[in-house]
$ cat my_file.txt   # compact mmCIF, C-alpha atoms
# COMPACT_ATOMS: atom_id res chain seq x y z
CA MET A 1 9.39 49.19 -33.11
CA LYS A 2 12.39 48.19 -35.22
CA GLY A 3 14.14 46.70 -32.16
CA SER A 4 11.12 44.59 -31.21
CA VAL A 5 10.90 43.14 -34.74
CA ILE A 6 14.59 42.19 -34.62
CA LEU A 7 14.17 40.70 -31.14
CA THR A 8 11.14 38.69 -32.30
CA LEU A 9 13.11 37.36 -35.28
CA MET A 10 16.08 36.47 -33.06
CA VAL A 11 13.88 34.61 -30.55
CA GLY A 12 12.20 32.75 -33.42
CA VAL A 13 15.60 31.57 -34.69
CA VAL A 14 17.19 30.80 -31.30
CA CYS A 15 14.03 29.34 -29.69
CA PRO A 16 11.78 28.20 -32.54
CA VAL A 17 8.20 27.36 -31.60
CA ALA A 18 7.81 23.60 -31.68
CA HIS A 19 5.00 22.54 -33.97
CA MET A 20 2.83 20.01 -32.20
CA THR A 21 0.50 17.59 -33.98
CA ARG A 22 -2.47 15.75 -32.51
CA VAL A 23 -2.46 11.97 -32.77
CA PHE A 24 -5.14 9.49 -31.66
CA VAL A 25 -3.86 6.11 -30.45
CA TYR A 26 -6.28 3.22 -29.97
CA GLY A 27 -4.07 0.15 -29.56
CA THR A 28 -0.74 -0.89 -28.10
CA LEU A 29 0.51 2.71 -27.67
CA LYS A 30 -2.15 3.60 -25.07
CA LYS A 31 -1.31 3.87 -21.37
CA GLY A 32 -0.98 0.43 -19.79
CA GLN A 33 -0.43 -1.30 -23.14
CA PRO A 34 2.71 -3.10 -24.38
CA ASN A 35 4.12 -0.26 -26.53
CA TYR A 36 3.23 2.71 -24.31
CA PHE A 37 6.87 2.93 -23.17
CA ARG A 38 7.66 4.19 -26.67
CA MET A 39 5.41 7.23 -26.11
CA GLU A 40 7.27 8.00 -22.88
CA ASN A 41 10.76 7.59 -24.36
CA ALA A 42 12.11 11.14 -24.78
CA SER A 43 14.64 9.94 -27.37
CA ASN A 44 11.65 9.27 -29.67
CA GLY A 45 10.40 12.82 -29.18
CA GLN A 46 7.76 14.50 -27.06
CA ALA A 47 4.24 13.17 -26.49
CA GLU A 48 1.79 14.96 -24.20
CA PHE A 49 -1.40 13.16 -23.17
CA LEU A 50 -4.43 15.41 -23.72
CA ALA A 51 -7.52 13.28 -23.13
CA ARG A 52 -9.29 10.01 -23.55
CA ALA A 53 -11.43 10.26 -26.66
CA ARG A 54 -13.76 8.31 -28.90
CA THR A 55 -14.25 8.40 -32.65
CA VAL A 56 -17.27 10.42 -33.75
CA GLU A 57 -18.07 7.89 -36.47
CA PRO A 58 -17.97 4.12 -36.05
CA TYR A 59 -14.89 2.33 -37.43
CA PRO A 60 -13.94 -1.36 -37.45
CA LEU A 61 -11.21 -2.03 -34.89
CA VAL A 62 -9.93 -5.54 -35.50
CA ILE A 63 -7.16 -7.73 -34.10
CA THR A 64 -5.44 -9.73 -36.78
CA THR A 65 -2.25 -11.26 -38.27
CA LYS A 66 -0.24 -13.95 -36.52
CA TYR A 67 1.07 -11.22 -34.17
CA ASN A 68 -2.45 -10.16 -33.05
CA ILE A 69 -1.99 -6.53 -34.04
CA PRO A 70 -4.89 -4.10 -33.58
CA PHE A 71 -5.86 -2.25 -36.77
CA LEU A 72 -8.38 0.53 -37.21
CA LEU A 73 -9.83 -0.02 -40.67
CA ASN A 74 -10.43 3.13 -42.69
CA GLU A 75 -14.10 2.32 -43.24
CA PRO A 76 -16.04 5.13 -41.53
CA GLY A 77 -19.64 4.26 -40.72
CA THR A 78 -18.85 0.57 -40.16
CA GLY A 79 -18.03 -1.08 -36.83
CA GLN A 80 -18.14 0.77 -33.51
CA ARG A 81 -17.15 4.12 -32.06
CA VAL A 82 -13.59 3.40 -30.95
CA TYR A 83 -12.07 4.54 -27.63
CA GLY A 84 -8.46 5.66 -27.39
CA GLU A 85 -6.18 8.47 -26.27
CA LEU A 86 -5.41 11.86 -27.79
CA TYR A 87 -1.84 13.18 -27.67
CA ARG A 88 0.09 16.25 -28.80
CA VAL A 89 3.37 15.15 -30.34
CA ASP A 90 6.34 17.02 -31.74
CA GLN A 91 7.77 16.39 -35.21
CA GLN A 92 10.41 13.99 -33.87
CA MET A 93 7.72 11.81 -32.22
CA LEU A 94 5.53 12.01 -35.32
CA ASP A 95 8.47 10.82 -37.43
CA PHE A 96 9.10 8.01 -34.93
CA LEU A 97 5.41 6.98 -34.98
CA ASP A 98 5.38 6.97 -38.80
CA LYS A 99 8.36 4.61 -38.79
CA PHE A 100 7.02 2.47 -35.92
CA GLU A 101 3.62 2.12 -37.60
CA GLY A 102 5.17 1.38 -40.99
CA CYS A 103 3.55 4.42 -42.59
CA PRO A 104 2.63 4.48 -45.43
CA GLU A 105 3.20 0.77 -46.25
CA ARG A 106 1.42 -0.95 -43.34
CA TYR A 107 -0.71 1.93 -42.01
CA GLN A 108 -1.77 5.25 -43.50
CA ARG A 109 -1.88 8.40 -41.37
CA THR A 110 -5.26 10.03 -41.91
CA LYS A 111 -7.36 12.61 -40.08
CA ILE A 112 -10.25 11.58 -37.87
CA GLN A 113 -12.93 13.35 -35.84
CA LEU A 114 -13.01 12.62 -32.11
CA GLU A 115 -15.23 13.36 -29.15
CA VAL A 116 -13.31 14.09 -25.94
CA GLN A 117 -14.33 11.79 -23.08
CA ASP A 118 -12.20 13.25 -20.30
CA GLY A 119 -9.07 15.37 -20.09
CA ASP A 120 -6.10 15.21 -17.79
CA GLY A 121 -5.33 18.09 -15.47
CA GLU A 122 -5.97 21.81 -15.61
CA GLY A 123 -3.27 22.91 -18.07
CA GLU A 124 -3.74 25.15 -21.08
CA HIS A 125 -4.18 22.15 -23.37
CA THR A 126 -6.80 20.37 -21.22
CA LEU A 127 -9.80 19.40 -23.29
CA ARG A 128 -13.30 19.35 -21.86
CA PRO A 129 -15.63 16.34 -22.21
CA GLY A 130 -17.99 16.55 -25.17
CA ARG A 131 -15.65 18.73 -27.21
CA PHE A 132 -14.93 17.65 -30.80
CA GLU A 133 -11.33 17.51 -32.00
CA GLU A 134 -9.49 16.44 -35.12
CA ALA A 135 -6.34 14.33 -35.00
CA PHE A 136 -4.24 12.00 -37.07
CA VAL A 137 -4.80 8.27 -36.69
CA TYR A 138 -2.95 5.29 -38.14
CA SER A 139 -5.47 3.22 -40.08
CA LYS A 140 -5.53 0.65 -42.85
CA HIS A 141 -7.76 -0.15 -45.80
CA GLU A 142 -8.17 -3.93 -45.81
CA PRO A 143 -11.67 -4.95 -47.02
CA ALA A 144 -11.04 -8.66 -46.32
CA TRP A 145 -10.74 -7.88 -42.59
CA LEU A 146 -14.25 -6.39 -42.44
CA GLN A 147 -15.52 -9.88 -41.63
CA ASN A 148 -13.40 -10.01 -38.43
CA GLN A 149 -14.83 -9.32 -35.00
CA THR A 150 -14.71 -5.62 -34.13
CA TYR A 151 -13.99 -3.98 -30.79
CA GLU A 152 -14.82 -0.56 -29.35
CA SER A 153 -11.70 -0.58 -27.18
CA TYR A 154 -8.43 -2.49 -27.45
CA ASP A 155 -6.68 -4.07 -24.50
CA ALA A 156 -3.73 -6.37 -25.20
CA TYR A 157 -4.55 -8.18 -21.96
CA GLY A 158 -8.31 -8.38 -22.62
CA ASP A 159 -10.56 -11.42 -22.63
CA HIS A 160 -10.18 -11.91 -26.42
CA ALA A 161 -7.29 -14.37 -25.75
CA LEU A 162 -5.25 -12.93 -28.63
CA LYS A 163 -1.74 -12.40 -27.26
CA TYR A 164 -0.01 -9.40 -28.85
CA VAL A 165 3.56 -10.03 -30.02
CA LEU A 166 6.00 -7.12 -29.61
CA PRO A 167 7.91 -6.12 -32.78
CA GLU A 168 11.22 -7.21 -31.25
CA ASP A 169 9.80 -10.70 -30.55
CA ARG A 170 8.50 -11.36 -34.07
CA THR A 171 10.09 -13.87 -36.37
CA PRO A 172 11.16 -12.57 -39.79
CA GLU A 173 8.62 -13.27 -42.52
$ encode --input "my_file.txt" --output "structure tokens"
Amino acid sequence: MKGSVILTLMVGVVCPVAHMTRVFVYGTLKKGQPNYFRMENASNGQAEFLARARTVEPYPLVITTKYNIPFLLNEPGTGQRVYGELYRVDQQMLDFLDKFEGCPERYQRTKIQLEVQDGDGEGEHTLRPGRFEEAFVYSKHEPAWLQNQTYESYDAYGDHALKYVLPEDRTPE
């Protein structure tokens, strides 16, 4: 008994269990979008795709600023149920995403309820369609933008004709 407690403590110190956090992405970080490469970059941390999902409550998803950035407005009950992707990320990736999203100045990281649409694979973390999950999302409170057109799904290459500008291509304000 005493030996197993010591072994458990040693394993916990030598091989700590990585804490993984769930994050919902709805914009340029989704697969096939201009910033998805950042989710795949191991130097930013680990991100594991879990499922495509949709917000349980409607939210306004707008495209705005001169850089045509998608924003999920933190106004539950307004707008549309928004489609996106659910990921498990480690602390390093969460820290990267906070910095990339300008949290807490530009976006706030808040919790949101999601309905799983479809999972990926048969692994232990596969989520079944119809299941409800909670995750962090980067959203913004900007009442003036409530008048903007809302979308249920963001695609940088969509028919909205609003060309997204990558952060590295933006001119300083």
$ closest_residue --input "my_file.txt" --among "A:Tyr67, A:Arg38, A:Asn148, A:Ala161" --to "A:Gly79" --atoms "all atoms listed in the file"
A:Asn148
$ atom_distance --input "my_file.txt" --atom1 "atom CA of A:Leu94" --atom2 "atom CA of A:Ala144"
28.7 Å
$ closest_residue --input "my_file.txt" --among "A:Arg131, A:Leu166, A:Ala51, A:Thr171" --to "A:Gly84" --atoms "all atoms listed in the file"
A:Ala51
$ residues_around --input "my_file.txt" --residues "A:Arg52" --least-positions-apart "4" --cutoff "10 Å" --atoms "all atoms listed in the file" --output "PyMOL selection string"
chain A and resi 24-26+30+83-87+114-120+127+129
$ atom_distance --input "my_file.txt" --atom1 "atom CA of A:Ile112" --atom2 "atom CA of A:Thr55"
7.3 Å
$ closest_residue --input "my_file.txt" --among "A:Gln91, A:Asn74, A:Thr126, A:Ser153" --to "A:His141" --atoms "all atoms listed in the file"
A:Asn74
$ atom_distance --input "my_file.txt" --atom1 "atom CA of A:Tyr59" --atom2 "atom CA of A:Ser139"
9.8 Å
$ closest_residue --input "my_file.txt" --among "A:Thr21, A:Thr150, A:Thr28, A:Thr110" --to "A:Pro58" --atoms "only C-alpha atoms"
A:Thr150
$ closest_residue --input "my_file.txt" --among "A:Leu162, A:Val82, A:Ala53, A:Met20" --to "A:Phe132" --atoms "only C-alpha atoms"
A:Ala53
$ residues_around --input "my_file.txt" --residues "A:Lys66" --least-positions-apart "3" --cutoff "12 Å" --atoms "all atoms listed in the file" --output "list in words"
Ile63, Ile69, Pro70, Leu162, Lys163, Tyr164, Val165, Leu166, Pro167, Arg170, Thr171, Pro172 and Glu173 of chain A
$ residues_around --input "my_file.txt" --residues "A:Ser43" --least-positions-apart "4" --cutoff "10 Å" --atoms "all atoms listed in the file" --output "number ranges by chain"
A: 38-39, 92-93, 96
$ residues_around --input "my_file.txt" --residues "A:Glu40" --least-positions-apart "3" --cutoff "12 Å" --atoms "only C-alpha atoms" --output "PyMOL selection string"
chain A and resi 29-32+35-37+43-49+87+89+93
$ closest_residue --input "my_file.txt" --among "A:Arg54, A:Leu72, A:Val23, A:Val62" --to "A:Leu97" --atoms "only C-alpha atoms"
A:Val23
$ build_atoms --input "my_file.txt" --residues "stretch 60-71 of chain A" --atoms "all heavy atoms" --output "PDB file, keeping the file's coordinate frame"
ATOM      1  N   PRO A  60     -14.286  -0.005 -37.882  1.00  0.00           N
ATOM      2  CA  PRO A  60     -13.940  -1.360 -37.450  1.00  0.00           C
ATOM      3  C   PRO A  60     -12.550  -1.369 -36.813  1.00  0.00           C
ATOM      4  O   PRO A  60     -11.576  -0.971 -37.448  1.00  0.00           O
ATOM      5  CB  PRO A  60     -13.939  -2.171 -38.742  1.00  0.00           C
ATOM      6  CG  PRO A  60     -14.451  -1.276 -39.820  1.00  0.00           C
ATOM      7  CD  PRO A  60     -14.317   0.125 -39.327  1.00  0.00           C
ATOM      8  N   LEU A  61     -12.473  -1.777 -35.566  1.00  0.00           N
ATOM      9  CA  LEU A  61     -11.210  -2.030 -34.890  1.00  0.00           C
ATOM     10  C   LEU A  61     -11.090  -3.529 -34.779  1.00  0.00           C
ATOM     11  O   LEU A  61     -11.918  -4.181 -34.136  1.00  0.00           O
ATOM     12  CB  LEU A  61     -11.200  -1.363 -33.501  1.00  0.00           C
ATOM     13  CG  LEU A  61     -10.019  -1.691 -32.587  1.00  0.00           C
ATOM     14  CD1 LEU A  61      -8.690  -1.283 -33.227  1.00  0.00           C
ATOM     15  CD2 LEU A  61     -10.194  -1.007 -31.242  1.00  0.00           C
ATOM     16  N   VAL A  62     -10.093  -4.091 -35.455  1.00  0.00           N
ATOM     17  CA  VAL A  62      -9.930  -5.540 -35.500  1.00  0.00           C
ATOM     18  C   VAL A  62      -8.562  -5.928 -34.952  1.00  0.00           C
ATOM     19  O   VAL A  62      -7.645  -5.108 -34.909  1.00  0.00           O
ATOM     20  CB  VAL A  62     -10.096  -6.092 -36.942  1.00  0.00           C
ATOM     21  CG1 VAL A  62     -11.483  -5.779 -37.492  1.00  0.00           C
ATOM     22  CG2 VAL A  62      -9.027  -5.549 -37.874  1.00  0.00           C
ATOM     23  N   ILE A  63      -8.441  -7.172 -34.535  1.00  0.00           N
ATOM     24  CA  ILE A  63      -7.160  -7.730 -34.100  1.00  0.00           C
ATOM     25  C   ILE A  63      -6.854  -8.859 -35.066  1.00  0.00           C
ATOM     26  O   ILE A  63      -7.641  -9.804 -35.200  1.00  0.00           O
ATOM     27  CB  ILE A  63      -7.255  -8.274 -32.652  1.00  0.00           C
ATOM     28  CG1 ILE A  63      -7.711  -7.172 -31.694  1.00  0.00           C
ATOM     29  CG2 ILE A  63      -5.901  -8.844 -32.222  1.00  0.00           C
ATOM     30  CD1 ILE A  63      -8.057  -7.676 -30.298  1.00  0.00           C
ATOM     31  N   THR A  64      -5.709  -8.738 -35.746  1.00  0.00           N
ATOM     32  CA  THR A  64      -5.440  -9.730 -36.780  1.00  0.00           C
ATOM     33  C   THR A  64      -3.934  -9.901 -37.011  1.00  0.00           C
ATOM     34  O   THR A  64      -3.139  -9.241 -36.352  1.00  0.00           O
ATOM     35  CB  THR A  64      -6.180  -9.351 -38.092  1.00  0.00           C
ATOM     36  OG1 THR A  64      -6.092 -10.434 -39.013  1.00  0.00           O
ATOM     37  CG2 THR A  64      -5.653  -8.082 -38.693  1.00  0.00           C
ATOM     38  N   THR A  65      -3.571 -10.742 -37.902  1.00  0.00           N
ATOM     39  CA  THR A  65      -2.250 -11.260 -38.270  1.00  0.00           C
ATOM     40  C   THR A  65      -1.797 -12.245 -37.196  1.00  0.00           C
ATOM     41  O   THR A  65      -2.389 -12.330 -36.119  1.00  0.00           O
ATOM     42  CB  THR A  65      -1.153 -10.165 -38.475  1.00  0.00           C
ATOM     43  OG1 THR A  65      -0.698  -9.694 -37.220  1.00  0.00           O
ATOM     44  CG2 THR A  65      -1.634  -9.042 -39.379  1.00  0.00           C
ATOM     45  N   LYS A  66      -0.733 -12.959 -37.477  1.00  0.00           N
ATOM     46  CA  LYS A  66      -0.240 -13.950 -36.520  1.00  0.00           C
ATOM     47  C   LYS A  66       0.353 -13.280 -35.273  1.00  0.00           C
ATOM     48  O   LYS A  66       0.597 -13.943 -34.280  1.00  0.00           O
ATOM     49  CB  LYS A  66       0.774 -14.885 -37.175  1.00  0.00           C
ATOM     50  CG  LYS A  66       2.080 -14.247 -37.602  1.00  0.00           C
ATOM     51  CD  LYS A  66       2.968 -15.282 -38.285  1.00  0.00           C
ATOM     52  CE  LYS A  66       4.295 -14.697 -38.699  1.00  0.00           C
ATOM     53  NZ  LYS A  66       5.156 -15.714 -39.328  1.00  0.00           N
ATOM     54  N   TYR A  67       0.533 -11.957 -35.318  1.00  0.00           N
ATOM     55  CA  TYR A  67       1.070 -11.220 -34.170  1.00  0.00           C
ATOM     56  C   TYR A  67      -0.035 -10.543 -33.353  1.00  0.00           C
ATOM     57  O   TYR A  67       0.255  -9.840 -32.394  1.00  0.00           O
ATOM     58  CB  TYR A  67       2.087 -10.190 -34.632  1.00  0.00           C
ATOM     59  CG  TYR A  67       3.199 -10.817 -35.438  1.00  0.00           C
ATOM     60  CD1 TYR A  67       3.408 -10.459 -36.757  1.00  0.00           C
ATOM     61  CD2 TYR A  67       4.020 -11.796 -34.884  1.00  0.00           C
ATOM     62  CE1 TYR A  67       4.426 -11.046 -37.505  1.00  0.00           C
ATOM     63  CE2 TYR A  67       5.036 -12.391 -35.616  1.00  0.00           C
ATOM     64  CZ  TYR A  67       5.232 -12.013 -36.927  1.00  0.00           C
ATOM     65  OH  TYR A  67       6.229 -12.602 -37.661  1.00  0.00           O
ATOM     66  N   ASN A  68      -1.290 -10.737 -33.750  1.00  0.00           N
ATOM     67  CA  ASN A  68      -2.450 -10.160 -33.050  1.00  0.00           C
ATOM     68  C   ASN A  68      -2.329  -8.644 -32.884  1.00  0.00           C
ATOM     69  O   ASN A  68      -2.424  -8.105 -31.790  1.00  0.00           O
ATOM     70  CB  ASN A  68      -2.662 -10.856 -31.701  1.00  0.00           C
ATOM     71  CG  ASN A  68      -3.004 -12.306 -31.904  1.00  0.00           C
ATOM     72  OD1 ASN A  68      -3.850 -12.647 -32.731  1.00  0.00           O
ATOM     73  ND2 ASN A  68      -2.329 -13.181 -31.184  1.00  0.00           N
ATOM     74  N   ILE A  69      -2.137  -7.987 -34.003  1.00  0.00           N
ATOM     75  CA  ILE A  69      -1.990  -6.530 -34.040  1.00  0.00           C
ATOM     76  C   ILE A  69      -3.364  -5.882 -34.185  1.00  0.00           C
ATOM     77  O   ILE A  69      -4.169  -6.320 -35.003  1.00  0.00           O
ATOM     78  CB  ILE A  69      -1.090  -6.127 -35.235  1.00  0.00           C
ATOM     79  CG1 ILE A  69       0.297  -6.747 -35.079  1.00  0.00           C
ATOM     80  CG2 ILE A  69      -1.006  -4.608 -35.372  1.00  0.00           C
ATOM     81  CD1 ILE A  69       1.180  -6.607 -36.304  1.00  0.00           C
ATOM     82  N   PRO A  70      -3.633  -4.822 -33.393  1.00  0.00           N
ATOM     83  CA  PRO A  70      -4.890  -4.100 -33.580  1.00  0.00           C
ATOM     84  C   PRO A  70      -4.783  -3.152 -34.785  1.00  0.00           C
ATOM     85  O   PRO A  70      -3.771  -2.475 -34.953  1.00  0.00           O
ATOM     86  CB  PRO A  70      -5.044  -3.308 -32.277  1.00  0.00           C
ATOM     87  CG  PRO A  70      -3.660  -3.118 -31.775  1.00  0.00           C
ATOM     88  CD  PRO A  70      -2.875  -4.310 -32.252  1.00  0.00           C
ATOM     89  N   PHE A  71      -5.801  -3.141 -35.614  1.00  0.00           N
ATOM     90  CA  PHE A  71      -5.860  -2.250 -36.770  1.00  0.00           C
ATOM     91  C   PHE A  71      -7.197  -1.523 -36.755  1.00  0.00           C
ATOM     92  O   PHE A  71      -8.244  -2.160 -36.579  1.00  0.00           O
ATOM     93  CB  PHE A  71      -5.785  -3.046 -38.091  1.00  0.00           C
ATOM     94  CG  PHE A  71      -4.446  -3.644 -38.387  1.00  0.00           C
ATOM     95  CD1 PHE A  71      -4.148  -4.935 -37.990  1.00  0.00           C
ATOM     96  CD2 PHE A  71      -3.492  -2.923 -39.093  1.00  0.00           C
ATOM     97  CE1 PHE A  71      -2.920  -5.503 -38.277  1.00  0.00           C
ATOM     98  CE2 PHE A  71      -2.261  -3.488 -39.388  1.00  0.00           C
ATOM     99  CZ  PHE A  71      -1.966  -4.780 -38.981  1.00  0.00           C
TER     100      PHE A  71
END
